[in-house]
Amino acid sequence: MKYYDKLIFELSVPGRVGYSLPKNRFDKYSIDNLDKNLKRESELELPSVGELDAVRHYTNLSQMNFGVDTGFYPLGSCTMKYNPKINEEICSMPQFAALHPLQPAECAQGALEIYYNLAKSLAAISGLSEFTLNPFAGAHGELTGLMIMRQYHILRGDTKRTKVIVPDSAHGTNPASAAVAGLEIVEVKSTPGGTVSIEDLKPLLDDSIAGIMMTNPNTLGIFESEIPQIAQLVHAAGGLLYYDGANLNPMLGKCRPGDMGFDIMHINLHKSFSTPHGGGGPGCGPVGVRAGLEELLPAPHVRKDNNGKFHIESTDDSFGSISQYFGNFGVMLRAYTYILSLGKENIKYVGPLSVLNANYVKESLKDCYELPIEGVCKHEFVFDGLKDKSTGVTTLDVAKRLLDYGYHAPTIYFPLLFHQAIMIEPTETESKETLDAFINVMRLVAKEASENPEMVKSAPHNTPITRVDDLKAAKQPILKYRDF
Amino acid sequence: MAKVIEGLFYSESHEWVKIEDGIATVGISDFAQKELGDVVYVDMPEIGATVTKGSEFGAVESVKAASDLYSPVSGTVLQVNQDLTDSPELLNQDPYTNWIIRLENVDNADLAGLMDAATYQNKFN
Amino acid sequence: MYKYFPHTAANIQEMLAVVGSDTLDQLYCDVPEHIIYNKEYNLNEQMSEQEIRNYFNALAEKNQKLCCFAGAGAYDHYTPSVISYLTNRSEFQTAYTPYQPEISQGTLRYIFEFQSMICNLTGMDVANASMYDGATATAEAVMMMVASAKGGAKKVLVSATLNPLARRVVDTYAKFHGIELQTIKEQDGATSLQDMECLLAQGGVAGVILQQPNIYGIIEDYSGFADRIHNAKALLAMNVNPSALAVIKTPAELGADIVCGDGQSLGIPLTFGGPYVGFMACRKDLVRKMPGRIVGATTDTEGRRAFVLTLQAREQHIRRNKATSNICSNQSLMALWVTIYLSIMGKEGLKEVNDLSYCGAHYLFDSLMATGKFSKLFDKPFLNEFAVDYKGDAAKLQKFMIDNGILAGVRLKDIKADAGDSTLLFAVTEQRTKEEIDNFVGLINKAAL
């Protein structure tokens, strides 16, 4: 990677163009006829660049970026698996790109069939009854799921259920989504073993509880073995169980959230189902429900009739809509391609191989890094910093030093249960050779931390830029080109 | 070691208050500013707003953290410290000189349940 | 084994030995046996790439390719060829959120460019790194106005001329978030200033949502609206078509405090509704109430210009349930799409797109009127979209047009409950040629009423 400092505005030369449009053949018409009172007054300051200027600029920018295709990306809770290229090919088929979302159902049967089939596939994989694919992302799926939860209680006239239980180890989006959905958060503590404490849970289960949000395995990578019992308790108290599908990958092929007792869940297609993260999106966060809750799903809803025709519907019990159209259809095309590619005979290895990779890395490093919770992990695990606490080298420093060696950093300082958390998730698409090389570098960094702590603390040294001044960015915000 | 000033009253959420001539001056403790790190922004209420003891009246932000401010006493906002708008770092430099809000219509009885300097200091020993 | 799993049988044995397990199954010893899934999923058998291609080609054939005269929030604009070429670069595509600025300057810089361009288009001070879509951005604007309201106002007024597809999302968020919505009546296809004043006078209003151009394609004259809203101590949020802002008054010029909308009109293909990109911009003093990611400029330890995610104390990973929103991602790659589009088109190109669309739409309008089969609904200025009444059966006409390969607009009643049975909403972009419009009008002449 090399440092490149331009912004597109700095390449602009008045009079230069990068576009071509057809000649205006509508004589006697002109936008100049628009009432002056309605016209823009201020100057438009978009760049004037040639096509090659733009191509070189964005190519140069891309070369300051690190992706899964660049190298190993052990980012915990993010499931940075390989993004297959056939997915991209299918997603860019021009026949799909040209479809208007309000095109009548009878002339969009192919698109609706894809939506329907993907939803059915996800239902089979998760052990639930029906899915909506409309939510745009994981957090959006959480919000959708919580709205379903509230709608369930509202329709039963049980309006006092306004609280949702969230473990203290939960992803930060859980409490934030609950707040947007108008629910109050009740936190349940983790045991020293990292799982939800049944003893702490029991007294919380009164008639003000709408349900509980859990991810299983949890954010420590530990399977909540008492989940059948938790499900029984929550259901007995009249609540529903929401499964945060951010950690679904290790369950693929081995265990279905529906069988664990969950009523509602979301899936991050950009995690378990291999669609690219795109530097932060677009994602897709389908939401599934168990039998009996299907009518609560948001509109529009895709249904199939007895003649095999697909329809766009909305039900009376639906809680509403959470997207202008059908969600991120392009992302669905990629995920469906992935499921078709793997088929039932391969998808069952996704979970076990991801778990094997995580345990292999954990066992190979636990003599240099502090492993707070022993035992078998699932797809990810958490270290609490370096074993050698005398060096003054923090988790942040370790993360930054890894960048020098051509790795993306793991997730750091999350979960909040450990002060120096380093959360590693290798995913099933990484080979033993890749993991061995990473293990060697992690060991090397631990050694460097003891022998030359100052060098690690000032890392990275080989990246396009060094550490940035966060404080300056927050205190004197420069948020657009004009602010310079 | 976090500094504690005699003559102020402290809350569990690390705000301090001093009542003089029926006017309460409220700020955050040295411990609170150290925990937060470099303060980049202070969110303050409107003048004239009513705050009640224990309720939120604003927030303090650093780069990687944010902390809500809870009023140690009830009252009406008389003044907010405008210096903090441009120089939030004043809270790091001296959190006791650089108060955040001043309240009128306060009741001395609200000081009940707050800690004096010695009790607050003991929390850190 | 399989192309996406690099493990050989020997690898698995070596790794299991290190882990201290005999089998892969043993790695699940902590999962109660009765919830282990021992069956095969009810899914297809694996498909080769050739089979995948054939499968999707067959499905693609089941969609009808239509010449598009529909809009209602999604427009068939031209996409320059370089965009997909550049956005498909895997360094952009396979990266995560730019949490490590040292190896994410590519993503951070294009987001900064995106924010700069959205600010310039809208005239606002700050913009975020993007939202999911225009409808959710509007719902977030509603929540942001309530969160910013001093004195606990929890009511938001929404113009009847807001796209009903966005409105139903706003309704959903508001219902669960405890926000009361009131509709400002429309009069002659535009927001009634008088009705808005009445509703404002009742007090407790945190903000107002207006759309430009509105659901009928009309460019509303919003002069005087902002003053009245601000006098009532409320905020004005505008949902706008960003492409149109190259030629029509900016929300800032109209006094808006918050601006939201969908960036689809900036060269994003229709793709059956997504992925598109929502956006949000606001006045500087409201930035701490703004949802979503924001990128800022700073320097690195060597003093070089660098970019980083900033003002993060607003966000869910720090504030949890007190965050401004639960959004924790954006539509980053689509923001890149729009950024490259605006770079390639530049200000001249974007104006030309609007001119071509304007001319095509007005030519279609006049031609339809000349057939004698349509009547005017409103006498208001429009840009690239307009609503008219068909004198026959609108549903039948649409069916006839589909049989002839044309998507003859949107039947307004399908999305707006109070619209007339025969009201059709037509949109024309620069992609519609004069020949296509003439062909369309020719078919109208042939269609039975």
# chains A, B, ... in the order shown; residues from 1 in each chain; ligands from 1
>>> interface_residues(of="chain B", to="chain A", cutoff="12 Å", atoms="only C-alpha atoms", output="count of residues only")
17
>>> interface_residues(of="chain C", to="chain B", cutoff="12 Å", atoms="only C-alpha atoms", output="list in words")
Ser148, Ala149, Lys150, Gly151, Gly152, Asp285, Leu286, Val287, Arg288, Lys289, Val308, Leu309, Thr310, Leu311, Gln312, Ala313, Arg314, Glu315, Gln316, His317, Ile318, Arg319, Arg320, Lys322 and Ala323 of chain C
>>> write_last_selection(atoms="N, CA and C atoms", output="CSV table (one decimal), in the first residue's frame")
chain,number,residue,atom,x,y,z
C,148,SER,N,-34.1,16.2,19.1
C,148,SER,CA,-33.5,17.6,19.2
C,148,SER,C,-34.4,18.6,19.9
C,149,ALA,N,-35.7,18.2,20.0
C,149,ALA,CA,-36.7,19.2,20.4
C,149,ALA,C,-36.5,19.5,21.9
C,150,LYS,N,-36.3,20.8,22.2
C,150,LYS,CA,-36.2,21.2,23.6
C,150,LYS,C,-37.7,21.3,24.1
C,151,GLY,N,-37.8,20.9,25.3
C,151,GLY,CA,-39.1,20.9,25.9
C,151,GLY,C,-40.0,19.7,25.7
C,152,GLY,N,-39.4,18.7,25.1
C,152,GLY,CA,-40.1,17.4,25.0
C,152,GLY,C,-41.2,17.3,24.0
C,285,ASP,N,-25.1,22.7,14.0
C,285,ASP,CA,-25.4,22.6,15.5
C,285,ASP,C,-26.2,21.4,15.8
C,286,LEU,N,-26.7,20.7,14.8
C,286,LEU,CA,-27.5,19.5,15.0
C,286,LEU,C,-26.7,18.2,14.9
C,287,VAL,N,-25.4,18.3,14.5
C,287,VAL,CA,-24.6,17.1,14.1
C,287,VAL,C,-24.6,16.1,15.2
C,288,ARG,N,-24.6,16.5,16.5
C,288,ARG,CA,-24.5,15.5,17.6
C,288,ARG,C,-25.8,14.7,17.7
C,289,LYS,N,-26.9,15.1,17.1
C,289,LYS,CA,-28.1,14.3,17.1
C,289,LYS,C,-28.3,13.5,15.8
C,308,VAL,N,-10.7,9.7,9.3
C,308,VAL,CA,-11.1,8.7,10.4
C,308,VAL,C,-12.6,8.9,10.7
C,309,LEU,N,-13.2,7.8,11.2
C,309,LEU,CA,-14.5,7.9,11.7
C,309,LEU,C,-14.5,8.8,13.0
C,310,THR,N,-15.4,9.7,13.0
C,310,THR,CA,-15.4,10.6,14.2
C,310,THR,C,-16.7,10.9,14.8
C,311,LEU,N,-16.8,11.7,15.8
C,311,LEU,CA,-18.0,12.0,16.6
C,311,LEU,C,-18.7,10.7,16.9
C,312,GLN,N,-18.0,9.7,17.3
C,312,GLN,CA,-18.6,8.4,17.5
C,312,GLN,C,-19.3,8.2,18.8
C,313,ALA,N,-19.2,9.2,19.7
C,313,ALA,CA,-19.9,9.1,21.0
C,313,ALA,C,-21.4,9.2,20.8
C,314,ARG,N,-21.9,9.5,19.5
C,314,ARG,CA,-23.3,9.4,19.3
C,314,ARG,C,-23.8,8.0,19.1
C,315,GLU,N,-22.9,7.1,18.8
C,315,GLU,CA,-23.3,5.8,18.2
C,315,GLU,C,-23.5,4.7,19.2
C,316,GLN,N,-24.1,3.6,18.6
C,316,GLN,CA,-24.6,2.5,19.5
C,316,GLN,C,-23.5,1.8,20.2
C,317,HIS,N,-22.3,1.6,19.6
C,317,HIS,CA,-21.3,0.8,20.2
C,317,HIS,C,-20.7,1.5,21.5
C,318,ILE,N,-21.0,2.9,21.6
C,318,ILE,CA,-20.6,3.6,22.8
C,318,ILE,C,-21.8,3.9,23.7
C,319,ARG,N,-22.9,4.4,23.1
C,319,ARG,CA,-24.0,4.9,23.8
C,319,ARG,C,-25.0,3.8,24.1
C,320,ARG,N,-24.9,2.7,23.4
C,320,ARG,CA,-25.9,1.6,23.5
C,320,ARG,C,-27.3,2.1,23.5
C,322,LYS,N,-28.8,4.6,24.6
C,322,LYS,CA,-28.9,6.1,24.5
C,322,LYS,C,-28.4,6.6,23.2
C,323,ALA,N,-28.0,5.8,22.2
C,323,ALA,CA,-27.5,6.2,21.0
C,323,ALA,C,-28.5,7.0,20.2
>>> residues_around(residues="Glu45 (chain A)", least_positions_apart="6", cutoff="12 Å", atoms="only C-alpha atoms", output="list in words")
Ile8, Phe9, Glu10, Ser12, Val13, Pro14, Tyr481 and Arg482 of chain A; Glu113, Ser116, Met117, Ile118, Cys119, Asn120, Leu121, Thr122, Gly123, Leu245, Ala246, Leu342, Ser343, Met345, Gly346, Lys347, Glu348 and Leu350 of chain C
>>> residues_around(residues="Gln324 (chain A)", least_positions_apart="5", cutoff="9 Å", atoms="only C-alpha atoms", output="PyMOL selection string")
chain C and resi 73+133-136+165-169+273
>>> atom_distance(atom1="CA of Gly330 (chain A)", atom2="CA of Met93 (chain A)")
9.9 Å
>>> closest_residue(among="C:Leu449, C:Gly217, C:Ala335, C:Gln26", to="Gly372 (chain C)", atoms="only C-alpha atoms")
C:Leu449
>>> residues_around(residues="Ala409 (chain A)", least_positions_apart="6", cutoff="8 Å", atoms="only C-alpha atoms", output="tab-separated table (two decimals) with N, CA and C atoms, in the first residue's frame")
chain	number	residue	atom	x	y	z
A	73	TYR	N	-8.36	-11.71	7.67
A	73	TYR	CA	-9.18	-10.67	8.29
A	73	TYR	C	-9.87	-11.26	9.53
A	74	PRO	N	-9.13	-11.49	10.63
A	74	PRO	CA	-9.69	-12.26	11.77
A	74	PRO	C	-10.60	-11.45	12.69
A	75	LEU	N	-11.42	-10.58	12.12
A	75	LEU	CA	-12.23	-9.64	12.87
A	75	LEU	C	-13.39	-10.35	13.57
A	399	ALA	N	-2.91	-4.83	18.07
A	399	ALA	CA	-3.73	-4.74	16.86
A	399	ALA	C	-3.01	-3.93	15.79
A	400	LYS	N	-2.41	-2.82	16.20
A	400	LYS	CA	-1.74	-1.96	15.22
A	400	LYS	C	-0.49	-2.64	14.65
A	402	LEU	N	-0.11	-5.78	14.15
A	402	LEU	CA	-0.53	-6.80	13.19
A	402	LEU	C	-0.69	-6.20	11.78
A	403	LEU	N	-1.08	-4.93	11.72
A	403	LEU	CA	-1.24	-4.29	10.41
A	403	LEU	C	0.10	-4.26	9.67
C	100	GLN	N	-10.05	0.55	11.24
C	100	GLN	CA	-8.59	0.68	11.34
C	100	GLN	C	-8.15	1.69	10.28
>>> select_by_dssp(residues="region 33-88 of chain B", states="strand (DSSP E)", output="ChimeraX atom specification")
/B:39-43,50-51,56-62,66-70,75-80
>>> write_last_selection(atoms="N, CA and C atoms", output="tab-separated table (two decimals), in the first residue's frame")
chain	number	residue	atom	x	y	z
B	39	VAL	N	-11.96	15.57	26.98
B	39	VAL	CA	-13.35	15.95	26.70
B	39	VAL	C	-13.40	16.74	25.39
B	40	VAL	N	-14.31	16.34	24.49
B	40	VAL	CA	-14.41	17.05	23.21
B	40	VAL	C	-15.71	17.82	23.06
B	41	TYR	N	-16.67	17.53	23.93
B	41	TYR	CA	-17.96	18.21	23.76
B	41	TYR	C	-18.77	18.13	25.05
B	42	VAL	N	-19.42	19.23	25.40
B	42	VAL	CA	-20.30	19.24	26.56
B	42	VAL	C	-21.68	19.66	26.10
B	43	ASP	N	-22.65	18.80	26.31
B	43	ASP	CA	-24.03	19.09	25.94
B	43	ASP	C	-24.73	19.68	27.15
B	50	THR	N	-36.13	23.24	33.48
B	50	THR	CA	-36.26	22.73	34.84
B	50	THR	C	-35.54	21.39	34.94
B	51	VAL	N	-34.71	21.23	35.97
B	51	VAL	CA	-34.08	19.92	36.18
B	51	VAL	C	-34.47	19.43	37.57
B	56	GLU	N	-31.33	13.57	34.19
B	56	GLU	CA	-30.29	13.91	33.22
B	56	GLU	C	-30.42	15.37	32.81
B	57	PHE	N	-29.32	16.10	32.74
B	57	PHE	CA	-29.43	17.48	32.23
B	57	PHE	C	-28.48	17.74	31.08
B	58	GLY	N	-27.66	16.78	30.71
B	58	GLY	CA	-26.72	16.99	29.62
B	58	GLY	C	-25.80	15.79	29.52
B	59	ALA	N	-24.70	15.97	28.78
B	59	ALA	CA	-23.76	14.87	28.62
B	59	ALA	C	-22.37	15.42	28.33
B	60	VAL	N	-21.39	14.63	28.66
B	60	VAL	CA	-20.00	14.98	28.37
B	60	VAL	C	-19.44	13.90	27.45
B	61	GLU	N	-18.80	14.32	26.38
B	61	GLU	CA	-18.26	13.35	25.42
B	61	GLU	C	-16.74	13.46	25.33
B	62	SER	N	-16.11	12.28	25.27
B	62	SER	CA	-14.71	12.25	24.87
B	62	SER	C	-14.67	11.52	23.54
B	66	ALA	N	-18.94	8.48	26.29
B	66	ALA	CA	-19.91	9.54	26.54
B	66	ALA	C	-20.53	9.25	27.89
B	67	SER	N	-20.80	10.30	28.63
B	67	SER	CA	-21.35	10.10	29.95
B	67	SER	C	-22.47	11.11	30.17
B	68	ASP	N	-23.63	10.61	30.58
B	68	ASP	CA	-24.73	11.52	30.87
B	68	ASP	C	-24.46	12.24	32.17
B	69	LEU	N	-24.97	13.45	32.26
B	69	LEU	CA	-24.83	14.24	33.48
B	69	LEU	C	-26.15	14.20	34.25
B	70	TYR	N	-26.07	13.93	35.54
B	70	TYR	CA	-27.27	13.88	36.37
B	70	TYR	C	-27.21	14.99	37.41
B	75	GLY	N	-33.83	22.28	40.35
B	75	GLY	CA	-33.79	23.72	40.18
B	75	GLY	C	-34.09	24.14	38.77
B	76	THR	N	-33.95	25.46	38.51
B	76	THR	CA	-34.16	26.01	37.18
B	76	THR	C	-32.82	26.49	36.65
B	77	VAL	N	-32.53	26.19	35.39
B	77	VAL	CA	-31.23	26.55	34.85
B	77	VAL	C	-31.13	28.07	34.70
B	78	LEU	N	-30.15	28.64	35.42
B	78	LEU	CA	-29.95	30.09	35.41
B	78	LEU	C	-28.85	30.46	34.42
B	79	GLN	N	-27.82	29.64	34.38
B	79	GLN	CA	-26.65	29.92	33.53
B	79	GLN	C	-26.05	28.62	33.06
B	80	VAL	N	-25.50	28.61	31.85
B	80	VAL	CA	-24.65	27.48	31.44
B	80	VAL	C	-23.28	28.05	31.13
>>> residues_around(residues="Asn125 (chain B)", least_positions_apart="5", cutoff="12 Å", atoms="only C-alpha atoms", output="PDB file with N, CA and C atoms, in the first residue's frame")
ATOM      1  N   MET B   1      -4.024  10.117  41.371  1.00  0.00           N
ATOM      2  CA  MET B   1      -5.016  10.200  42.451  1.00  0.00           C
ATOM      3  C   MET B   1      -6.010  11.323  42.154  1.00  0.00           C
ATOM      4  N   ALA B   2      -7.281  11.017  42.221  1.00  0.00           N
ATOM      5  CA  ALA B   2      -8.299  12.024  41.905  1.00  0.00           C
ATOM      6  C   ALA B   2      -8.403  13.057  43.029  1.00  0.00           C
ATOM      7  N   ALA B 118     -15.010  14.177  52.445  1.00  0.00           N
ATOM      8  CA  ALA B 118     -14.347  13.045  53.101  1.00  0.00           C
ATOM      9  C   ALA B 118     -14.966  11.722  52.677  1.00  0.00           C
ATOM     10  N   THR B 119     -16.295  11.689  52.639  1.00  0.00           N
ATOM     11  CA  THR B 119     -16.979  10.447  52.249  1.00  0.00           C
ATOM     12  C   THR B 119     -16.651  10.105  50.806  1.00  0.00           C
ATOM     13  N   TYR B 120     -16.663  11.136  49.947  1.00  0.00           N
ATOM     14  CA  TYR B 120     -16.389  10.905  48.529  1.00  0.00           C
ATOM     15  C   TYR B 120     -14.951  10.398  48.346  1.00  0.00           C
TER      16      TYR B 120
END
>>> atom_distance(atom1="CA of Glu91 (chain C)", atom2="CA of Asp436 (chain A)")
23.9 Å
>>> residues_around(residues="Ile209 (chain C)", least_positions_apart="4", cutoff="9 Å", atoms="only C-alpha atoms", output="list of chain:residue names")
C:Thr138, C:Ala141, C:Val142, C:Val156, C:Leu157, C:Val158, C:Ser159, C:Leu162, C:Leu235, C:Leu236, C:Ala237, C:Met238, C:Asn239
>>> write_last_selection(atoms="C-alpha atoms", output="PDB file, in the first residue's frame")
ATOM      1  CA  THR C 138     -36.812   9.987   6.549  1.00  0.00           C
ATOM      2  CA  ALA C 141     -35.019  12.401  10.436  1.00  0.00           C
ATOM      3  CA  VAL C 142     -38.329  12.212  12.320  1.00  0.00           C
ATOM      4  CA  VAL C 156     -44.168  15.600  13.887  1.00  0.00           C
ATOM      5  CA  LEU C 157     -46.174  16.984  10.977  1.00  0.00           C
ATOM      6  CA  VAL C 158     -45.879  15.135   7.671  1.00  0.00           C
ATOM      7  CA  SER C 159     -47.049  16.592   4.389  1.00  0.00           C
ATOM      8  CA  LEU C 162     -44.655  12.789   0.926  1.00  0.00           C
ATOM      9  CA  LEU C 235     -37.449  21.971  12.788  1.00  0.00           C
ATOM     10  CA  LEU C 236     -37.865  21.466   9.049  1.00  0.00           C
ATOM     11  CA  ALA C 237     -36.694  18.223   7.473  1.00  0.00           C
ATOM     12  CA  MET C 238     -36.922  17.848   3.714  1.00  0.00           C
ATOM     13  CA  ASN C 239     -36.959  14.619   1.744  1.00  0.00           C
TER      14      ASN C 239
END
>>> decode(residues="region 296-319 of chain C", atoms="N, CA and C atoms", output="compact mmCIF listing (two decimals), in the first residue's frame")
# COMPACT_ATOMS: atom_id res chain seq x y z
N GLY C 296 -14.26 12.27 9.36
CA GLY C 296 -13.64 13.58 9.47
C GLY C 296 -12.18 13.54 9.07
N ALA C 297 -11.64 14.71 8.79
CA ALA C 297 -10.22 14.81 8.44
C ALA C 297 -9.41 15.12 9.68
N THR C 298 -8.19 14.58 9.72
CA THR C 298 -7.26 14.90 10.80
C THR C 298 -5.86 14.66 10.25
N THR C 299 -4.90 14.42 11.13
CA THR C 299 -3.54 14.13 10.66
C THR C 299 -3.04 12.88 11.37
N ASP C 300 -2.01 12.24 10.79
CA ASP C 300 -1.40 11.11 11.49
C ASP C 300 -0.21 11.62 12.29
N THR C 301 0.50 10.71 12.96
CA THR C 301 1.58 11.15 13.85
C THR C 301 2.73 11.80 13.08
N GLU C 302 2.78 11.60 11.76
CA GLU C 302 3.81 12.23 10.93
C GLU C 302 3.31 13.55 10.35
N GLY C 303 2.08 13.93 10.70
CA GLY C 303 1.54 15.20 10.21
C GLY C 303 0.88 15.12 8.85
N ARG C 304 0.73 13.91 8.31
CA ARG C 304 0.09 13.77 7.00
C ARG C 304 -1.42 13.83 7.13
N ARG C 305 -2.09 14.33 6.08
CA ARG C 305 -3.55 14.37 6.09
C ARG C 305 -4.09 12.94 6.16
N ALA C 306 -5.06 12.73 7.03
CA ALA C 306 -5.63 11.40 7.20
C ALA C 306 -7.10 11.55 7.55
N PHE C 307 -7.85 10.48 7.32
CA PHE C 307 -9.29 10.50 7.56
C PHE C 307 -9.67 9.40 8.55
N VAL C 308 -10.72 9.66 9.31
CA VAL C 308 -11.07 8.74 10.40
C VAL C 308 -12.56 8.87 10.73
N LEU C 309 -13.16 7.78 11.23
CA LEU C 309 -14.54 7.87 11.74
C LEU C 309 -14.51 8.76 12.98
N THR C 310 -15.43 9.71 13.05
CA THR C 310 -15.37 10.65 14.16
C THR C 310 -16.75 10.91 14.76
N LEU C 311 -16.77 11.70 15.84
CA LEU C 311 -17.99 11.99 16.59
C LEU C 311 -18.74 10.70 16.93
N GLN C 312 -17.97 9.67 17.31
CA GLN C 312 -18.56 8.36 17.53
C GLN C 312 -19.34 8.24 18.83
N ALA C 313 -19.21 9.22 19.70
CA ALA C 313 -19.92 9.14 20.98
C ALA C 313 -21.44 9.17 20.78
N ARG C 314 -21.90 9.47 19.55
CA ARG C 314 -23.34 9.43 19.25
C ARG C 314 -23.83 8.00 19.06
N GLU C 315 -22.89 7.08 18.79
CA GLU C 315 -23.27 5.81 18.18
C GLU C 315 -23.50 4.67 19.15
N GLN C 316 -24.13 3.62 18.62
CA GLN C 316 -24.62 2.50 19.45
C GLN C 316 -23.50 1.77 20.17
N HIS C 317 -22.29 1.65 19.57
CA HIS C 317 -21.28 0.85 20.24
C HIS C 317 -20.73 1.55 21.47
N ILE C 318 -21.00 2.86 21.61
CA ILE C 318 -20.59 3.58 22.81
C ILE C 318 -21.82 3.88 23.68
N ARG C 319 -22.86 4.42 23.06
CA ARG C 319 -24.03 4.87 23.81
C ARG C 319 -25.03 3.77 24.10
